[in-house]
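protein_24.pdb follows (PDB, C-alpha atoms):
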```pdb
ATOM      1  CA  MET A1392     -25.066  40.297 -30.766  1.00  0.00           C
ATOM      2  CA  LYS A1393     -23.362  37.559 -32.815  1.00  0.00           C
ATOM      3  CA  MET A1394     -19.981  38.718 -31.549  1.00  0.00           C
ATOM      4  CA  LYS A1395     -21.192  38.460 -27.950  1.00  0.00           C
ATOM      5  CA  ARG A1396     -22.473  34.873 -28.492  1.00  0.00           C
ATOM      6  CA  LEU A1397     -19.222  33.913 -30.227  1.00  0.00           C
ATOM      7  CA  MET A1398     -17.174  35.280 -27.314  1.00  0.00           C
ATOM      8  CA  CYS A1399     -19.371  33.435 -24.790  1.00  0.00           C
ATOM      9  CA  ALA A1400     -19.023  30.180 -26.739  1.00  0.00           C
ATOM     10  CA  LEU A1401     -15.219  30.576 -26.959  1.00  0.00           C
ATOM     11  CA  LEU A1402     -14.998  31.368 -23.253  1.00  0.00           C
ATOM     12  CA  ALA A1403     -17.128  28.320 -22.375  1.00  0.00           C
ATOM     13  CA  CYS A1404     -15.012  26.045 -24.596  1.00  0.00           C
ATOM     14  CA  SER A1405     -11.758  27.308 -23.114  1.00  0.00           C
ATOM     15  CA  SER A1406     -13.109  26.757 -19.573  1.00  0.00           C
ATOM     16  CA  ILE A1407     -14.115  23.196 -20.393  1.00  0.00           C
ATOM     17  CA  LEU A1408     -10.795  22.485 -22.115  1.00  0.00           C
ATOM     18  CA  GLY A1409      -8.877  23.962 -19.160  1.00  0.00           C
ATOM     19  CA  GLY A1410     -10.775  21.695 -16.753  1.00  0.00           C
ATOM     20  CA  ILE A1411     -10.052  18.605 -18.851  1.00  0.00           C
ATOM     21  CA  ILE A1412      -6.341  19.385 -19.107  1.00  0.00           C
ATOM     22  CA  SER A1413      -6.094  20.053 -15.347  1.00  0.00           C
ATOM     23  CA  ALA A1414      -7.868  16.787 -14.559  1.00  0.00           C
ATOM     24  CA  ALA A1415      -5.578  14.825 -16.858  1.00  0.00           C
ATOM     25  CA  GLN A1416      -2.514  16.314 -15.210  1.00  0.00           C
ATOM     26  CA  ALA A1417      -3.818  15.419 -11.758  1.00  0.00           C
ATOM     27  CA  VAL A1418      -4.260  11.780 -12.769  1.00  0.00           C
ATOM     28  CA  GLU A1419      -0.679  11.528 -14.007  1.00  0.00           C
ATOM     29  CA  ALA A1420       0.836  12.579 -10.677  1.00  0.00           C
ATOM     30  CA  PRO A1421       1.316   9.535  -8.431  1.00  0.00           C
ATOM     31  CA  ASN A1422       0.137  10.028  -4.856  1.00  0.00           C
ATOM     32  CA  GLU A1423       2.132   7.212  -3.310  1.00  0.00           C
ATOM     33  CA  THR A1424       5.711   7.360  -2.210  1.00  0.00           C
ATOM     34  CA  VAL A1425       8.211   4.580  -2.770  1.00  0.00           C
ATOM     35  CA  VAL A1426      10.601   3.614   0.000  1.00  0.00           C
ATOM     36  CA  ARG A1427      13.522   1.264  -0.417  1.00  0.00           C
ATOM     37  CA  LEU A1428      13.540  -1.950   1.585  1.00  0.00           C
ATOM     38  CA  GLU A1429      16.998  -1.248   2.967  1.00  0.00           C
ATOM     39  CA  ASP A1430      15.755   2.093   4.383  1.00  0.00           C
ATOM     40  CA  LEU A1431      12.989   0.485   6.431  1.00  0.00           C
ATOM     41  CA  THR A1432      12.983  -0.528  10.064  1.00  0.00           C
ATOM     42  CA  TRP A1433      13.148  -4.283  10.463  1.00  0.00           C
ATOM     43  CA  GLU A1434      13.110  -6.895  13.157  1.00  0.00           C
ATOM     44  CA  ARG A1435      13.492 -10.643  13.223  1.00  0.00           C
ATOM     45  CA  ILE A1436      10.261 -12.446  14.019  1.00  0.00           C
ATOM     46  CA  ASP A1437       9.319 -16.027  14.749  1.00  0.00           C
ATOM     47  CA  LEU A1438       7.561 -17.135  11.553  1.00  0.00           C
ATOM     48  CA  SER A1439       5.489 -19.683  13.466  1.00  0.00           C
ATOM     49  CA  THR A1440       3.680 -16.832  15.270  1.00  0.00           C
ATOM     50  CA  VAL A1441       2.420 -15.219  12.067  1.00  0.00           C
ATOM     51  CA  GLU A1442      -1.223 -15.928  11.217  1.00  0.00           C
ATOM     52  CA  HIS A1443      -2.496 -16.413   7.677  1.00  0.00           C
ATOM     53  CA  CYS A1444      -5.079 -14.037   6.307  1.00  0.00           C
ATOM     54  CA  ALA A1445      -8.503 -15.732   6.189  1.00  0.00           C
ATOM     55  CA  ALA A1446      -9.310 -14.099   2.834  1.00  0.00           C
ATOM     56  CA  GLY A1447      -7.384 -16.783   0.948  1.00  0.00           C
ATOM     57  CA  PRO A1448      -4.548 -16.458  -1.530  1.00  0.00           C
ATOM     58  CA  MET A1449      -4.277 -13.301  -3.596  1.00  0.00           C
ATOM     59  CA  PRO A1450      -3.529 -13.470  -7.287  1.00  0.00           C
ATOM     60  CA  LEU A1451      -0.123 -12.264  -8.319  1.00  0.00           C
ATOM     61  CA  ALA A1452      -0.133  -8.570  -9.219  1.00  0.00           C
ATOM     62  CA  THR A1453      -3.165  -7.169  -7.369  1.00  0.00           C
ATOM     63  CA  GLY A1454      -5.164  -8.213  -4.385  1.00  0.00           C
ATOM     64  CA  GLN A1455      -7.990  -6.759  -2.390  1.00  0.00           C
ATOM     65  CA  ILE A1456      -7.889  -7.004   1.380  1.00  0.00           C
ATOM     66  CA  ASP A1457     -10.784  -6.818   3.814  1.00  0.00           C
ATOM     67  CA  GLN A1458      -9.487  -8.312   7.017  1.00  0.00           C
ATOM     68  CA  SER A1459      -9.984  -7.916  10.748  1.00  0.00           C
ATOM     69  CA  ILE A1460      -6.698  -8.284  12.612  1.00  0.00           C
ATOM     70  CA  SER A1461      -6.706  -9.086  16.317  1.00  0.00           C
ATOM     71  CA  GLY A1462      -4.731  -6.952  18.715  1.00  0.00           C
ATOM     72  CA  LYS A1463      -0.975  -7.527  18.907  1.00  0.00           C
ATOM     73  CA  THR A1464      -1.096  -9.859  15.879  1.00  0.00           C
ATOM     74  CA  ILE A1465       0.810 -10.091  12.608  1.00  0.00           C
ATOM     75  CA  ILE A1466      -0.755 -11.746   9.542  1.00  0.00           C
ATOM     76  CA  TYR A1467       0.502 -12.935   6.193  1.00  0.00           C
ATOM     77  CA  VAL A1468      -1.502 -11.348   3.390  1.00  0.00           C
ATOM     78  CA  THR A1469       0.279 -13.582   0.862  1.00  0.00           C
ATOM     79  CA  ASN A1470       2.381 -16.709   0.954  1.00  0.00           C
ATOM     80  CA  LEU A1471       6.059 -16.390   0.072  1.00  0.00           C
ATOM     81  CA  ILE A1472       6.474 -14.884  -3.394  1.00  0.00           C
ATOM     82  CA  ASP A1473       9.695 -14.749  -5.413  1.00  0.00           C
ATOM     83  CA  PHE A1474      10.553 -11.101  -6.068  1.00  0.00           C
ATOM     84  CA  ASN A1475      13.197  -9.728  -8.403  1.00  0.00           C
ATOM     85  CA  ALA A1476      15.377  -6.773  -7.484  1.00  0.00           C
ATOM     86  CA  ASP A1477      13.494  -3.486  -8.093  1.00  0.00           C
ATOM     87  CA  ASP A1478      10.031  -5.088  -7.793  1.00  0.00           C
ATOM     88  CA  THR A1479       7.606  -3.118  -5.638  1.00  0.00           C
ATOM     89  CA  VAL A1480       4.844  -3.896  -3.173  1.00  0.00           C
ATOM     90  CA  SER A1481       2.249  -1.101  -3.022  1.00  0.00           C
ATOM     91  CA  PHE A1482      -0.201  -0.592  -0.178  1.00  0.00           C
ATOM     92  CA  ASN A1483      -3.326   1.493  -0.657  1.00  0.00           C
ATOM     93  CA  CYS A1484      -5.337   0.690   2.454  1.00  0.00           C
ATOM     94  CA  SER A1485      -7.462   2.248   5.155  1.00  0.00           C
ATOM     95  CA  TYR A1486      -8.067   0.886   8.613  1.00  0.00           C
ATOM     96  CA  SER A1487     -10.371   1.455  11.531  1.00  0.00           C
ATOM     97  CA  PRO A1488     -10.092   2.529  14.249  1.00  0.00           C
ATOM     98  CA  SER A1489      -7.694   5.112  12.859  1.00  0.00           C
ATOM     99  CA  SER A1490      -6.085   5.592  16.277  1.00  0.00           C
ATOM    100  CA  ALA A1491      -4.368   2.194  15.948  1.00  0.00           C
ATOM    101  CA  SER A1492      -0.684   1.873  15.107  1.00  0.00           C
ATOM    102  CA  MET A1493      -0.146  -0.548  12.211  1.00  0.00           C
ATOM    103  CA  ASP A1494       2.905  -1.942  10.405  1.00  0.00           C
ATOM    104  CA  PHE A1495       2.622  -2.720   6.671  1.00  0.00           C
ATOM    105  CA  GLY A1496       5.501  -4.545   5.034  1.00  0.00           C
ATOM    106  CA  VAL A1497       7.137  -7.739   3.867  1.00  0.00           C
ATOM    107  CA  ILE A1498       8.670 -10.698   5.680  1.00  0.00           C
ATOM    108  CA  ALA A1499      11.763 -12.228   4.117  1.00  0.00           C
ATOM    109  CA  SER A1500      12.123 -16.008   4.161  1.00  0.00           C
ATOM    110  CA  SER A1501      14.845 -15.481   6.802  1.00  0.00           C
ATOM    111  CA  GLY A1502      12.243 -14.046   9.196  1.00  0.00           C
ATOM    112  CA  GLN A1503      13.168 -10.375   8.850  1.00  0.00           C
ATOM    113  CA  PHE A1504      10.032  -8.190   8.877  1.00  0.00           C
ATOM    114  CA  TYR A1505      10.627  -4.930   6.973  1.00  0.00           C
ATOM    115  CA  TYR A1506       7.809  -2.506   7.667  1.00  0.00           C
ATOM    116  CA  ILE A1507       6.343   0.979   7.445  1.00  0.00           C
ATOM    117  CA  ASN A1508       4.717   2.088  10.684  1.00  0.00           C
ATOM    118  CA  VAL A1509       1.429   3.884  10.036  1.00  0.00           C
ATOM    119  CA  LYS A1510      -0.771   5.966  12.310  1.00  0.00           C
ATOM    120  CA  GLY A1511      -3.854   7.862  11.269  1.00  0.00           C
ATOM    121  CA  GLY A1512      -5.966   5.288   9.464  1.00  0.00           C
ATOM    122  CA  SER A1513      -4.511   4.975   5.957  1.00  0.00           C
ATOM    123  CA  ILE A1514      -1.449   4.135   3.900  1.00  0.00           C
ATOM    124  CA  SER A1515      -0.578   4.844   0.275  1.00  0.00           C
ATOM    125  CA  GLN A1516       3.041   3.778  -0.051  1.00  0.00           C
ATOM    126  CA  ALA A1517       5.180   1.298  -1.926  1.00  0.00           C
ATOM    127  CA  ILE A1518       8.232  -0.698  -0.884  1.00  0.00           C
ATOM    128  CA  ARG A1519      10.924  -1.308  -3.508  1.00  0.00           C
ATOM    129  CA  ILE A1520      12.597  -4.689  -3.020  1.00  0.00           C
ATOM    130  CA  ASN A1521      16.358  -4.194  -3.364  1.00  0.00           C
ATOM    131  CA  GLN A1522      17.449  -7.823  -3.376  1.00  0.00           C
ATOM    132  CA  ALA A1523      15.795 -10.719  -5.187  1.00  0.00           C
ATOM    133  CA  GLY A1524      14.350 -13.311  -2.858  1.00  0.00           C
ATOM    134  CA  SER A1525      11.218 -14.775  -1.332  1.00  0.00           C
ATOM    135  CA  TYR A1526       9.005 -12.393   0.638  1.00  0.00           C
ATOM    136  CA  ALA A1527       5.488 -12.523   2.077  1.00  0.00           C
ATOM    137  CA  VAL A1528       3.344  -9.411   2.320  1.00  0.00           C
ATOM    138  CA  ALA A1529       2.297  -8.867   5.946  1.00  0.00           C
ATOM    139  CA  ILE A1530       0.424  -6.499   8.246  1.00  0.00           C
ATOM    140  CA  ARG A1531       0.895  -6.143  12.007  1.00  0.00           C
ATOM    141  CA  ASN A1532      -1.595  -4.649  14.433  1.00  0.00           C
ATOM    142  CA  ASN A1533       0.352  -2.990  17.263  1.00  0.00           C
ATOM    143  CA  SER A1534      -2.745  -1.965  19.217  1.00  0.00           C
ATOM    144  CA  SER A1535      -4.597  -4.081  21.753  1.00  0.00           C
ATOM    145  CA  GLN A1536      -7.911  -3.865  19.898  1.00  0.00           C
ATOM    146  CA  THR A1537      -9.078  -5.582  16.707  1.00  0.00           C
ATOM    147  CA  VAL A1538      -8.520  -3.452  13.606  1.00  0.00           C
ATOM    148  CA  ARG A1539     -10.289  -3.803  10.240  1.00  0.00           C
ATOM    149  CA  VAL A1540      -8.099  -3.187   7.190  1.00  0.00           C
ATOM    150  CA  VAL A1541      -9.587  -2.656   3.723  1.00  0.00           C
ATOM    151  CA  GLY A1542      -7.890  -1.726   0.472  1.00  0.00           C
ATOM    152  CA  PHE A1543      -5.535  -3.016  -2.173  1.00  0.00           C
ATOM    153  CA  VAL A1544      -2.050  -4.505  -2.210  1.00  0.00           C
ATOM    154  CA  ASP A1545      -0.279  -4.532  -5.579  1.00  0.00           C
ATOM    155  CA  TYR A1546       2.908  -6.480  -6.233  1.00  0.00           C
TER     156      TYR A1546
END
```

Could you quickly redo this structure as structure tokens?
Amino acid sequence: MKMKRLMCALLACSSILGGIISAAQAVEAPNETVVRLEDLTWERIDLSTVEHCAAGPMPLATGQIDQSISGKTIIYVTNLIDFNADDTVSFNCSYSPSSASMDFGVIASSGQFYYINVKGGSISQAIRINQAGSYAVAIRNNSSQTVRVVGFVDY
């Protein structure tokens, strides 16, 4: 009887330990992909047509976004920020309606908008800046309807 209890206790401990180790390994694996700025689609835009996000300035490093973006509109999420080469801008956001086509990216001070086109309601990707310079984080709504975007932008 003691041997049976000992075996049950050992089996229970090994199951718990196996679950903890598996969970720790899952946390270590990043779920976002990093794309290089030079690999992104870009287009020159008129900076005077870009609206500022009503949420106010985000602190450097991490910012939360909860913003409704009108149809066919591009907004600055941040003002121009000086980035070093190899800095990253990470997007972890969801939007609704998920049928909308959205562009998440950065606008260089020259007016070039580098972006990731997203369909399906969410993004978990990072952009690696290849050349030091001033960039503003931006989001464009390509649909004709207002889209609500919520999530985090880290830079």

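Proximity to Ser1501 in chain A was assessed for A:Thr1537, A:Ser1459, A:Thr1424, A:Ser1525 counting all atoms listed in the file; the smallest distance is recorded for A:Ser1525.
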
- From the set A:Asn1475, A:Ser1492, A:Asn1470, A:Ser1439, which residue has the shortest atom-to-atom contact distance to Gly1524 in chain A, counting all atoms listed in the file?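 Between A:Asn1475, A:Ser1492, A:Asn1470, A:Ser1439, the residue approaching Gly1524 in chain A most closely is A:Asn1475.
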
- Message: Selection in question (the file shown): the PyMOL selection byres ((chain A and resi 1530) around 9). Which residues does it include, as a list of chain:residue names?
- Response: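 Residues picked by the PyMOL selection byres ((chain A and resi 1530) around 9): A:Ile1460, A:Thr1464, A:Ile1465, A:Ile1466, A:Tyr1467, A:Val1468, A:Met1493, A:Asp1494, A:Phe1495, A:Gly1496, A:Val1497, A:Tyr1506, A:Val1528, A:Ala1529, A:Arg1531, A:Asn1532.
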
Just-selected residues, C-alpha atoms written as a short mmCIF file (atom, residue, chain, number, x, y, z; two decimals), in the coordinates of the input:
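Result written to again-v6.cif:
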```
data_model
loop_
_atom_site.label_atom_id
_atom_site.label_comp_id
_atom_site.auth_asym_id
_atom_site.auth_seq_id
_atom_site.Cartn_x
_atom_site.Cartn_y
_atom_site.Cartn_z
CA ILE A 1460 -6.70 -8.28 12.61
CA THR A 1464 -1.10 -9.86 15.88
CA ILE A 1465 0.81 -10.09 12.61
CA ILE A 1466 -0.76 -11.75 9.54
CA TYR A 1467 0.50 -12.94 6.19
CA VAL A 1468 -1.50 -11.35 3.39
CA MET A 1493 -0.15 -0.55 12.21
CA ASP A 1494 2.90 -1.94 10.40
CA PHE A 1495 2.62 -2.72 6.67
CA GLY A 1496 5.50 -4.54 5.03
CA VAL A 1497 7.14 -7.74 3.87
CA TYR A 1506 7.81 -2.51 7.67
CA VAL A 1528 3.34 -9.41 2.32
CA ALA A 1529 2.30 -8.87 5.95
CA ARG A 1531 0.90 -6.14 12.01
CA ASN A 1532 -1.60 -4.65 14.43
#
```

- Note on the structure: Restricting to all atoms listed in the file, whichever of A:Asp1430, A:Asp1437, A:Glu1442, A:Asp1545 is closest to Tyr1505 in chain A is A:Asp1430

- Expressed in Å to a single decimal, how great is the separation between CA of Ala1523 in chain A and CA of Gln1458 in chain A?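 Between these atoms lies a distance of 28.2 Å.
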
- Of the residues A:Phe1504, A:Phe1474, A:Tyr1486, A:Trp1433, which is the one nearest to Asn1521 in chain A, using only C-alpha atoms? A:Phe1474

- Excluding range 1509-1516 of chain A and any residue of its chain fewer than 4 positions from it, enumerate the residues within 7 Å of it, using all atoms listed in the file, and give them as a list in words.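 Counting all atoms listed in the file, the residues come to Glu1423, Thr1424, Val1425, Ser1481, Phe1482, Asn1483, Cys1484, Ser1485, Tyr1486, Ser1487, Pro1488, Ser1489, Ser1490, Ala1491, Ser1492, Met1493 and Asp1494 of chain A.
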
- Identify which of the residues A:His1443, A:Arg1539, A:Arg1435, A:Arg1519 lies closest to Gly1462 in chain A, counting all atoms listed in the file when measuring atom-to-atom distances. A:Arg1539

- For the atom pair CA of Asn1533 in chain A and CA of Ile1520 in chain A, what is the interatomic distance in Å to one decimal place? 23.8 Å
